[in-house]
>>> print(open('target.pdb').read())   # PDB, C-alpha atoms, pLDDT in the B column
ATOM      1  CA  MET T   1      99.881  85.591 -42.196  1.00 52.00           C
ATOM      2  CA  HIS T   2      99.420  88.742 -40.170  1.00 54.00           C
ATOM      3  CA  ALA T   3      96.835  87.033 -38.039  1.00 54.00           C
ATOM      4  CA  ALA T   4      99.224  84.235 -37.108  1.00 56.00           C
ATOM      5  CA  THR T   5     101.894  86.716 -36.226  1.00 58.00           C
ATOM      6  CA  ARG T   6      99.577  88.544 -33.835  1.00 60.00           C
ATOM      7  CA  ILE T   7      98.546  85.316 -32.145  1.00 61.00           C
ATOM      8  CA  ILE T   8     102.169  84.342 -31.548  1.00 61.00           C
ATOM      9  CA  ALA T   9     102.996  87.796 -30.103  1.00 54.00           C
ATOM     10  CA  LEU T  10      99.973  87.618 -27.772  1.00 55.00           C
ATOM     11  CA  VAL T  11     101.059  84.219 -26.498  1.00 52.00           C
ATOM     12  CA  LEU T  12     104.561  85.487 -25.797  1.00 53.00           C
ATOM     13  CA  VAL T  13     103.196  88.498 -23.898  1.00 49.00           C
ATOM     14  CA  MET T  14     101.029  86.269 -21.752  1.00 59.00           C
ATOM     15  CA  LEU T  15     103.936  83.941 -21.014  1.00 54.00           C
ATOM     16  CA  GLY T  16     106.075  86.920 -19.989  1.00 55.00           C
ATOM     17  CA  LEU T  17     103.446  88.230 -17.587  1.00 47.00           C
ATOM     18  CA  GLY T  18     103.121  84.817 -15.956  1.00 49.00           C
ATOM     19  CA  SER T  19     106.843  84.388 -15.389  1.00 48.00           C
ATOM     20  CA  ALA T  20     107.368  87.766 -13.655  1.00 46.00           C
ATOM     21  CA  PRO T  21     105.936  86.665 -10.258  1.00 46.00           C
ATOM     22  CA  LEU T  22     107.979  83.486 -10.401  1.00 43.00           C
ATOM     23  CA  ALA T  23     111.149  85.483 -10.993  1.00 46.00           C
ATOM     24  CA  ALA T  24     110.328  87.697  -8.037  1.00 44.00           C
ATOM     25  CA  GLN T  25     109.843  84.674  -5.829  1.00 50.00           C
ATOM     26  CA  ALA T  26     113.062  83.159  -7.081  1.00 48.00           C
ATOM     27  CA  ASN T  27     115.113  86.226  -6.131  1.00 52.00           C
ATOM     28  CA  PRO T  28     113.785  87.645  -2.815  1.00 51.00           C
ATOM     29  CA  PRO T  29     115.472  90.812  -1.435  1.00 52.00           C
ATOM     30  CA  PRO T  30     118.648  90.044   0.547  1.00 52.00           C
ATOM     31  CA  ALA T  31     118.306  89.923   4.397  1.00 51.00           C
ATOM     32  CA  GLN T  32     119.836  92.747   6.459  1.00 54.00           C
ATOM     33  CA  ALA T  33     123.498  91.911   6.935  1.00 51.00           C
ATOM     34  CA  ASN T  34     124.081  93.377  10.433  1.00 58.00           C
ATOM     35  CA  PRO T  35     120.836  93.825  12.385  1.00 52.00           C
ATOM     36  CA  PRO T  36     121.099  96.025  15.468  1.00 53.00           C
ATOM     37  CA  PRO T  37     122.028  93.874  18.475  1.00 55.00           C
ATOM     38  CA  ALA T  38     119.333  93.253  21.048  1.00 53.00           C
ATOM     39  CA  GLN T  39     119.820  95.077  24.364  1.00 55.00           C
ATOM     40  CA  ALA T  40     121.045  92.354  26.726  1.00 56.00           C
ATOM     41  CA  ASN T  41     120.646  94.122  30.114  1.00 63.00           C
ATOM     42  CA  PRO T  42     118.303  97.076  30.081  1.00 57.00           C
ATOM     43  CA  PRO T  43     119.322  99.774  32.561  1.00 60.00           C
ATOM     44  CA  PRO T  44     117.554  99.517  35.929  1.00 61.00           C
ATOM     45  CA  PRO T  45     115.010 102.152  36.781  1.00 58.00           C
ATOM     46  CA  PRO T  46     116.450 105.124  38.653  1.00 59.00           C
ATOM     47  CA  ALA T  47     116.518 104.562  42.413  1.00 56.00           C
ATOM     48  CA  GLN T  48     114.446 106.792  44.653  1.00 57.00           C
ATOM     49  CA  ALA T  49     116.563 109.567  46.091  1.00 56.00           C
ATOM     50  CA  TYR T  50     116.750 109.818  49.924  1.00 58.00           C
ATOM     51  CA  PRO T  51     118.409 112.596  51.960  1.00 60.00           C
ATOM     52  CA  PRO T  52     121.913 111.593  53.134  1.00 62.00           C
ATOM     53  CA  PRO T  53     122.173 110.484  56.782  1.00 60.00           C
ATOM     54  CA  PRO T  54     123.758 112.958  59.211  1.00 59.00           C
ATOM     55  CA  PRO T  55     127.495 112.445  59.669  1.00 61.00           C
ATOM     56  CA  ALA T  56     128.457 110.256  62.619  1.00 57.00           C
ATOM     57  CA  GLN T  57     129.833 112.155  65.590  1.00 55.00           C
ATOM     58  CA  ALA T  58     133.466 111.251  66.050  1.00 53.00           C
ATOM     59  CA  ASN T  59     133.563 111.638  69.820  1.00 56.00           C
ATOM     60  CA  PRO T  60     130.048 111.663  71.300  1.00 49.00           C
ATOM     61  CA  PRO T  61     129.847 113.338  74.695  1.00 50.00           C
ATOM     62  CA  PRO T  62     129.790 110.954  77.644  1.00 46.00           C
ATOM     63  CA  PRO T  63     126.475 110.459  79.448  1.00 43.00           C
ATOM     64  CA  PRO T  64     125.971 112.674  82.478  1.00 42.00           C
ATOM     65  CA  SER T  65     127.362 111.170  85.602  1.00 35.00           C
ATOM     66  CA  SER T  66     124.941 110.275  88.330  1.00 33.00           C
ATOM     67  CA  ALA T  67     127.454 110.839  91.039  1.00 38.00           C
ATOM     68  CA  ALA T  68     126.946 114.087  92.931  1.00 43.00           C
ATOM     69  CA  PRO T  69     129.912 116.415  92.833  1.00 42.00           C
ATOM     70  CA  GLN T  70     131.554 117.559  96.028  1.00 60.00           C
ATOM     71  CA  GLY T  71     130.738 121.134  95.168  1.00 65.00           C
ATOM     72  CA  PRO T  72     132.760 124.330  94.967  1.00 91.00           C
ATOM     73  CA  GLN T  73     135.414 125.012  97.551  1.00 95.00           C
ATOM     74  CA  TYR T  74     136.062 127.976  99.783  1.00 96.00           C
ATOM     75  CA  SER T  75     139.180 129.997  99.167  1.00 95.00           C
ATOM     76  CA  SER T  76     141.518 130.854 101.998  1.00 93.00           C
ATOM     77  CA  ILE T  77     140.356 134.481 101.826  1.00 94.00           C
ATOM     78  CA  GLU T  78     136.699 133.449 102.227  1.00 95.00           C
ATOM     79  CA  VAL T  79     137.554 131.248 105.214  1.00 95.00           C
ATOM     80  CA  VAL T  80     139.631 133.940 106.912  1.00 93.00           C
ATOM     81  CA  ASP T  81     136.924 136.579 106.347  1.00 94.00           C
ATOM     82  CA  ALA T  82     134.255 134.304 107.856  1.00 94.00           C
ATOM     83  CA  GLY T  83     136.557 133.507 110.782  1.00 92.00           C
ATOM     84  CA  HIS T  84     137.334 137.145 111.478  1.00 91.00           C
ATOM     85  CA  ARG T  85     133.637 137.972 111.670  1.00 92.00           C
ATOM     86  CA  PHE T  86     133.036 134.942 113.895  1.00 91.00           C
ATOM     87  CA  PHE T  87     135.980 135.176 116.304  1.00 85.00           C
ATOM     88  CA  GLY T  88     136.261 138.962 116.379  1.00 83.00           C
ATOM     89  CA  THR T  89     139.335 140.585 117.912  1.00 72.00           C
ATOM     90  CA  ILE T  90     140.953 137.311 119.004  1.00 72.00           C
ATOM     91  CA  SER T  91     141.321 136.070 115.424  1.00 72.00           C
ATOM     92  CA  ARG T  92     144.703 137.631 114.685  1.00 76.00           C
ATOM     93  CA  GLY T  93     146.313 134.180 114.257  1.00 84.00           C
ATOM     94  CA  LEU T  94     143.530 132.762 112.075  1.00 89.00           C
ATOM     95  CA  ALA T  95     145.251 133.410 108.754  1.00 90.00           C
ATOM     96  CA  GLN T  96     148.281 131.383 109.861  1.00 90.00           C
ATOM     97  CA  ILE T  97     146.116 128.489 111.000  1.00 90.00           C
ATOM     98  CA  VAL T  98     144.106 128.479 107.762  1.00 92.00           C
ATOM     99  CA  GLU T  99     147.335 128.575 105.782  1.00 92.00           C
ATOM    100  CA  LYS T 100     148.734 125.618 107.714  1.00 90.00           C
ATOM    101  CA  ALA T 101     145.535 123.594 107.258  1.00 92.00           C
ATOM    102  CA  GLY T 102     145.499 124.430 103.565  1.00 92.00           C
ATOM    103  CA  SER T 103     149.064 123.225 103.125  1.00 91.00           C
ATOM    104  CA  GLN T 104     148.033 119.829 104.540  1.00 89.00           C
ATOM    105  CA  PHE T 105     144.498 119.313 103.255  1.00 92.00           C
ATOM    106  CA  GLY T 106     143.877 121.759 100.404  1.00 94.00           C
ATOM    107  CA  LEU T 107     140.719 123.871 100.250  1.00 96.00           C
ATOM    108  CA  PRO T 108     137.583 123.047 102.265  1.00 97.00           C
ATOM    109  CA  ASN T 109     134.173 122.627 100.655  1.00 96.00           C
ATOM    110  CA  GLY T 110     132.378 123.357 103.908  1.00 97.00           C
ATOM    111  CA  TYR T 111     132.866 124.857 107.343  1.00 97.00           C
ATOM    112  CA  VAL T 112     131.071 124.833 110.683  1.00 97.00           C
ATOM    113  CA  LEU T 113     130.583 127.822 112.973  1.00 96.00           C
ATOM    114  CA  GLY T 114     129.413 127.024 116.479  1.00 94.00           C
ATOM    115  CA  GLN T 115     130.246 126.784 120.141  1.00 90.00           C
ATOM    116  CA  GLU T 116     131.229 123.904 122.352  1.00 83.00           C
ATOM    117  CA  ALA T 117     131.839 123.281 126.023  1.00 77.00           C
ATOM    118  CA  GLY T 118     133.885 120.657 127.726  1.00 69.00           C
ATOM    119  CA  GLY T 119     136.574 120.059 130.244  1.00 60.00           C
ATOM    120  CA  ALA T 120     138.906 117.344 131.374  1.00 54.00           C
ATOM    121  CA  MET T 121     141.487 116.510 133.956  1.00 48.00           C
ATOM    122  CA  VAL T 122     142.230 112.988 132.753  1.00 49.00           C
ATOM    123  CA  ALA T 123     139.021 112.068 131.015  1.00 56.00           C
ATOM    124  CA  GLY T 124     136.333 114.454 129.862  1.00 69.00           C
ATOM    125  CA  LEU T 125     133.501 115.140 127.487  1.00 78.00           C
ATOM    126  CA  ARG T 126     132.916 117.696 124.773  1.00 79.00           C
ATOM    127  CA  TYR T 127     129.572 118.908 123.409  1.00 87.00           C
ATOM    128  CA  GLY T 128     128.801 121.489 120.777  1.00 91.00           C
ATOM    129  CA  GLU T 129     126.382 122.729 118.188  1.00 94.00           C
ATOM    130  CA  GLY T 130     126.630 124.916 115.132  1.00 96.00           C
ATOM    131  CA  ILE T 131     125.796 125.416 111.460  1.00 97.00           C
ATOM    132  CA  LEU T 132     127.487 123.621 108.567  1.00 97.00           C
ATOM    133  CA  TYR T 133     127.854 126.023 105.628  1.00 97.00           C
ATOM    134  CA  THR T 134     128.313 124.890 102.015  1.00 96.00           C
ATOM    135  CA  LYS T 135     128.261 126.749  98.736  1.00 93.00           C
ATOM    136  CA  ASN T 136     125.878 124.552  96.748  1.00 90.00           C
ATOM    137  CA  ALA T 137     124.003 122.338  99.270  1.00 90.00           C
ATOM    138  CA  GLY T 138     122.613 124.877 101.710  1.00 91.00           C
ATOM    139  CA  ASP T 139     123.210 125.152 105.454  1.00 94.00           C
ATOM    140  CA  LEU T 140     122.697 122.409 108.003  1.00 95.00           C
ATOM    141  CA  ARG T 141     122.473 122.478 111.809  1.00 96.00           C
ATOM    142  CA  VAL T 142     124.774 119.937 113.399  1.00 97.00           C
ATOM    143  CA  PHE T 143     125.527 118.753 116.927  1.00 96.00           C
ATOM    144  CA  TRP T 144     128.667 117.043 118.083  1.00 94.00           C
ATOM    145  CA  GLN T 145     129.833 115.259 121.173  1.00 91.00           C
ATOM    146  CA  GLY T 146     132.624 112.974 122.188  1.00 83.00           C
ATOM    147  CA  PRO T 147     135.048 111.894 124.851  1.00 74.00           C
ATOM    148  CA  SER T 148     138.428 113.465 125.262  1.00 64.00           C
ATOM    149  CA  LEU T 149     141.169 111.375 126.849  1.00 57.00           C
ATOM    150  CA  GLY T 150     144.619 112.642 127.673  1.00 52.00           C
ATOM    151  CA  PHE T 151     146.520 115.348 129.523  1.00 47.00           C
ATOM    152  CA  ASP T 152     144.106 118.259 129.346  1.00 51.00           C
ATOM    153  CA  PHE T 153     143.996 120.866 132.058  1.00 48.00           C
ATOM    154  CA  GLY T 154     141.345 123.503 132.572  1.00 48.00           C
ATOM    155  CA  GLY T 155     137.815 123.973 131.440  1.00 50.00           C
ATOM    156  CA  GLU T 156     136.764 125.048 128.013  1.00 52.00           C
ATOM    157  CA  GLY T 157     133.908 127.060 126.654  1.00 60.00           C
ATOM    158  CA  ALA T 158     134.920 127.993 123.151  1.00 74.00           C
ATOM    159  CA  ARG T 159     133.763 129.382 119.897  1.00 84.00           C
ATOM    160  CA  THR T 160     134.632 126.760 117.344  1.00 89.00           C
ATOM    161  CA  MET T 161     135.186 126.931 113.604  1.00 93.00           C
ATOM    162  CA  MET T 162     135.608 123.631 111.795  1.00 95.00           C
ATOM    163  CA  LEU T 163     136.963 123.378 108.276  1.00 96.00           C
ATOM    164  CA  VAL T 164     135.562 120.384 106.381  1.00 97.00           C
ATOM    165  CA  TYR T 165     137.433 118.813 103.470  1.00 96.00           C
ATOM    166  CA  ASN T 166     136.249 116.282 100.847  1.00 96.00           C
ATOM    167  CA  LEU T 167     132.650 116.278 102.065  1.00 96.00           C
ATOM    168  CA  PRO T 168     130.631 114.380  99.385  1.00 95.00           C
ATOM    169  CA  ALA T 169     127.199 115.320 100.802  1.00 94.00           C
ATOM    170  CA  THR T 170     125.975 117.304 103.792  1.00 94.00           C
ATOM    171  CA  ASP T 171     124.610 114.268 105.632  1.00 94.00           C
ATOM    172  CA  ALA T 172     128.030 112.603 105.357  1.00 96.00           C
ATOM    173  CA  ILE T 173     129.039 114.755 108.329  1.00 97.00           C
ATOM    174  CA  TYR T 174     126.925 112.496 110.570  1.00 96.00           C
ATOM    175  CA  GLN T 175     129.598 110.023 111.641  1.00 95.00           C
ATOM    176  CA  ARG T 176     132.515 109.694 114.026  1.00 94.00           C
ATOM    177  CA  PHE T 177     135.776 111.431 113.244  1.00 94.00           C
ATOM    178  CA  ALA T 178     138.847 110.223 115.073  1.00 88.00           C
ATOM    179  CA  GLY T 179     142.324 111.634 115.270  1.00 80.00           C
ATOM    180  CA  ILE T 180     144.659 113.691 117.415  1.00 61.00           C
ATOM    181  CA  ASP T 181     142.313 116.080 119.135  1.00 54.00           C
ATOM    182  CA  GLY T 182     144.663 118.439 120.899  1.00 52.00           C
ATOM    183  CA  SER T 183     146.760 121.512 120.421  1.00 47.00           C
ATOM    184  CA  ALA T 184     148.452 120.364 117.247  1.00 67.00           C
ATOM    185  CA  TYR T 185     148.985 123.967 116.207  1.00 78.00           C
ATOM    186  CA  PHE T 186     148.516 126.946 118.490  1.00 78.00           C
ATOM    187  CA  VAL T 187     148.920 130.587 117.598  1.00 80.00           C
ATOM    188  CA  GLY T 188     147.397 133.866 118.729  1.00 74.00           C
ATOM    189  CA  GLY T 189     144.945 132.274 121.161  1.00 75.00           C
ATOM    190  CA  LEU T 190     143.630 129.820 118.529  1.00 81.00           C
ATOM    191  CA  GLY T 191     144.288 126.095 118.389  1.00 80.00           C
ATOM    192  CA  MET T 192     143.953 123.750 115.396  1.00 84.00           C
ATOM    193  CA  THR T 193     143.490 119.993 115.538  1.00 86.00           C
ATOM    194  CA  ALA T 194     142.546 117.437 112.883  1.00 90.00           C
ATOM    195  CA  LEU T 195     140.168 114.474 112.690  1.00 92.00           C
ATOM    196  CA  THR T 196     139.367 112.200 109.785  1.00 92.00           C
ATOM    197  CA  MET T 197     137.047 109.400 108.655  1.00 94.00           C
ATOM    198  CA  ASN T 198     136.269 107.911 105.226  1.00 94.00           C
ATOM    199  CA  ASN T 199     138.534 110.402 103.448  1.00 94.00           C
ATOM    200  CA  ILE T 200     136.679 113.346 105.027  1.00 96.00           C
ATOM    201  CA  VAL T 201     138.833 115.638 107.144  1.00 94.00           C
ATOM    202  CA  VAL T 202     137.486 117.944 109.863  1.00 94.00           C
ATOM    203  CA  VAL T 203     139.820 120.592 111.278  1.00 92.00           C
ATOM    204  CA  PRO T 204     138.437 122.246 114.436  1.00 89.00           C
ATOM    205  CA  ILE T 205     139.825 125.707 115.186  1.00 88.00           C
ATOM    206  CA  ARG T 206     139.059 126.614 118.797  1.00 82.00           C
ATOM    207  CA  THR T 207     139.381 129.534 121.142  1.00 76.00           C
ATOM    208  CA  GLY T 208     137.977 130.230 124.587  1.00 57.00           C
ATOM    209  CA  VAL T 209     138.763 129.959 128.282  1.00 46.00           C
ATOM    210  CA  GLY T 210     141.106 127.305 129.589  1.00 38.00           C
ATOM    211  CA  VAL T 211     144.561 126.229 128.620  1.00 38.00           C
ATOM    212  CA  ARG T 212     144.895 122.939 126.796  1.00 50.00           C
ATOM    213  CA  LEU T 213     148.259 121.286 127.014  1.00 39.00           C
ATOM    214  CA  GLY T 214     149.638 118.215 125.306  1.00 38.00           C
ATOM    215  CA  ALA T 215     147.927 115.911 122.863  1.00 44.00           C
ATOM    216  CA  ASN T 216     144.681 114.199 123.718  1.00 55.00           C
ATOM    217  CA  VAL T 217     143.231 111.317 121.763  1.00 51.00           C
ATOM    218  CA  GLY T 218     139.485 111.121 121.250  1.00 72.00           C
ATOM    219  CA  TYR T 219     136.835 111.563 118.588  1.00 85.00           C
ATOM    220  CA  LEU T 220     133.889 113.768 117.714  1.00 89.00           C
ATOM    221  CA  LYS T 221     130.543 112.286 116.739  1.00 93.00           C
ATOM    222  CA  PHE T 222     128.246 114.487 114.659  1.00 96.00           C
ATOM    223  CA  THR T 223     124.472 114.013 114.937  1.00 96.00           C
ATOM    224  CA  PRO T 224     121.412 115.782 113.485  1.00 95.00           C
ATOM    225  CA  THR T 225     119.896 116.294 116.962  1.00 94.00           C
ATOM    226  CA  ALA T 226     121.317 117.034 120.388  1.00 89.00           C
ATOM    227  CA  THR T 227     122.205 114.099 122.596  1.00 87.00           C
ATOM    228  CA  TRP T 228     124.026 113.600 125.882  1.00 80.00           C
ATOM    229  CA  ASN T 229     125.428 110.278 124.791  1.00 76.00           C
ATOM    230  CA  PRO T 230     128.979 110.865 123.528  1.00 72.00           C
ATOM    231  CA  PHE T 231     129.316 107.259 122.391  1.00 74.00           C
TER     232      PHE T 231
END
>>> encode(input="target.pdb", output="structure tokens")
Amino acid sequence: MHAATRIIALVLVMLGLGSAPLAAQANPPPAQANPPPAQANPPPPPAQAYPPPPPAQANPPPPPSSAAPQGPQYSSIEVVDAGHRFFGTISRGLAQIVEKAGSQFGLPNGYVLGQEAGGAMVAGLRYGEGILYTKNAGDLRVFWQGPSLGFDFGGEGARTMMLVYNLPATDAIYQRFAGIDGSAYFVGGLGMTALTMNNIVVVPIRTGVGVRLGANVGYLKFTPTATWNPF
């Protein structure tokens, strides 16, 4: 009896051990309810840092101009001082002439100091030579000649000062200047006339022997060398 009981108990134990794995397979552990979501767009790698570009200049300076400036001008005081040294004691009316020329043409950026000779009864010739002075382009020797037509009486051998206005370059003086070449303004033994060409104005201021009356019409031609041809 006891032996049968032990056999039955052994069988039951063996059956229980065999059913345990089956029960485990029948009831697996529940799956994770909310798994962490997969990262859809991974962040891009950090970009390489570069130094910031310099700020743009709002108003860049204009390129340098290739045109040559006309240069600094001479004040009335500088012109009068040069004329006093050149004309000497007969220059007492020079300041008035320079003032009158300045009221018409402004300030000169060059002047010529020289001497000319000429004479006319009805038709005549005028020749001269001198130095053109400028502040920033150096000095230049010039010669001038030209006919003089009109009512001129007496000979002339005169110191001559010429004020030059709007001269763009020293060699621009080498051309013909036409105008009223007479005693347009006369004071203190000095006479002022005016000639012009291509926006350049030349104002001769003359003194010397001879009396010049009326207005004569002619021109002056400036050249780099002396010539007897006034044309």
>>> closest_residue(input="target.pdb", among="T:Gly146, T:Gly130, T:Pro230, T:Pro72", to="Asn109 (chain T)", atoms="all atoms listed in the file")
T:Pro72
>>> residues_around(input="target.pdb", residues="Ser75 (chain T)", least_positions_apart="5", cutoff="9 Å", atoms="only C-alpha atoms", output="VMD selection string")
chain T and resid 80 107 to 108
>>> resolve_selection(input="target.pdb", expression="the PyMOL selection byres ((chain T and resi 136) around 9)", output="short mmCIF file (atom, residue, chain, number, x, y, z; two decimals) with C-alpha atoms, in the coordinates of the input")
data_model
loop_
_atom_site.label_atom_id
_atom_site.label_comp_id
_atom_site.auth_asym_id
_atom_site.auth_seq_id
_atom_site.Cartn_x
_atom_site.Cartn_y
_atom_site.Cartn_z
CA GLY T 71 130.74 121.13 95.17
CA PRO T 72 132.76 124.33 94.97
CA THR T 134 128.31 124.89 102.02
CA LYS T 135 128.26 126.75 98.74
CA ALA T 137 124.00 122.34 99.27
CA GLY T 138 122.61 124.88 101.71
#
>>> atom_distance(input="target.pdb", atom1="CA of Ala178 (chain T)", atom2="CA of Arg92 (chain T)")
28.0 Å
>>> closest_residue(input="target.pdb", among="T:Thr223, T:Asn229, T:Val203, T:Pro168", to="Gln104 (chain T)", atoms="all atoms listed in the file")
T:Val203
>>> atom_distance(input="target.pdb", atom1="CA of Arg126 (chain T)", atom2="CA of Val98 (chain T)")
23.0 Å
>>> closest_residue(input="target.pdb", among="T:Gln175, T:Thr160, T:Asn166, T:Thr193", to="Pro224 (chain T)", atoms="only C-alpha atoms")
T:Gln175
>>> atom_distance(input="target.pdb", atom1="CA of Gly189 (chain T)", atom2="CA of Ile90 (chain T)")
6.8 Å
>>> resolve_selection(input="target.pdb", expression="the PyMOL selection byres ((chain T and resi 142) around 8)", output="ChimeraX atom specification")
/T:129-132,140-141,143-144,222-225
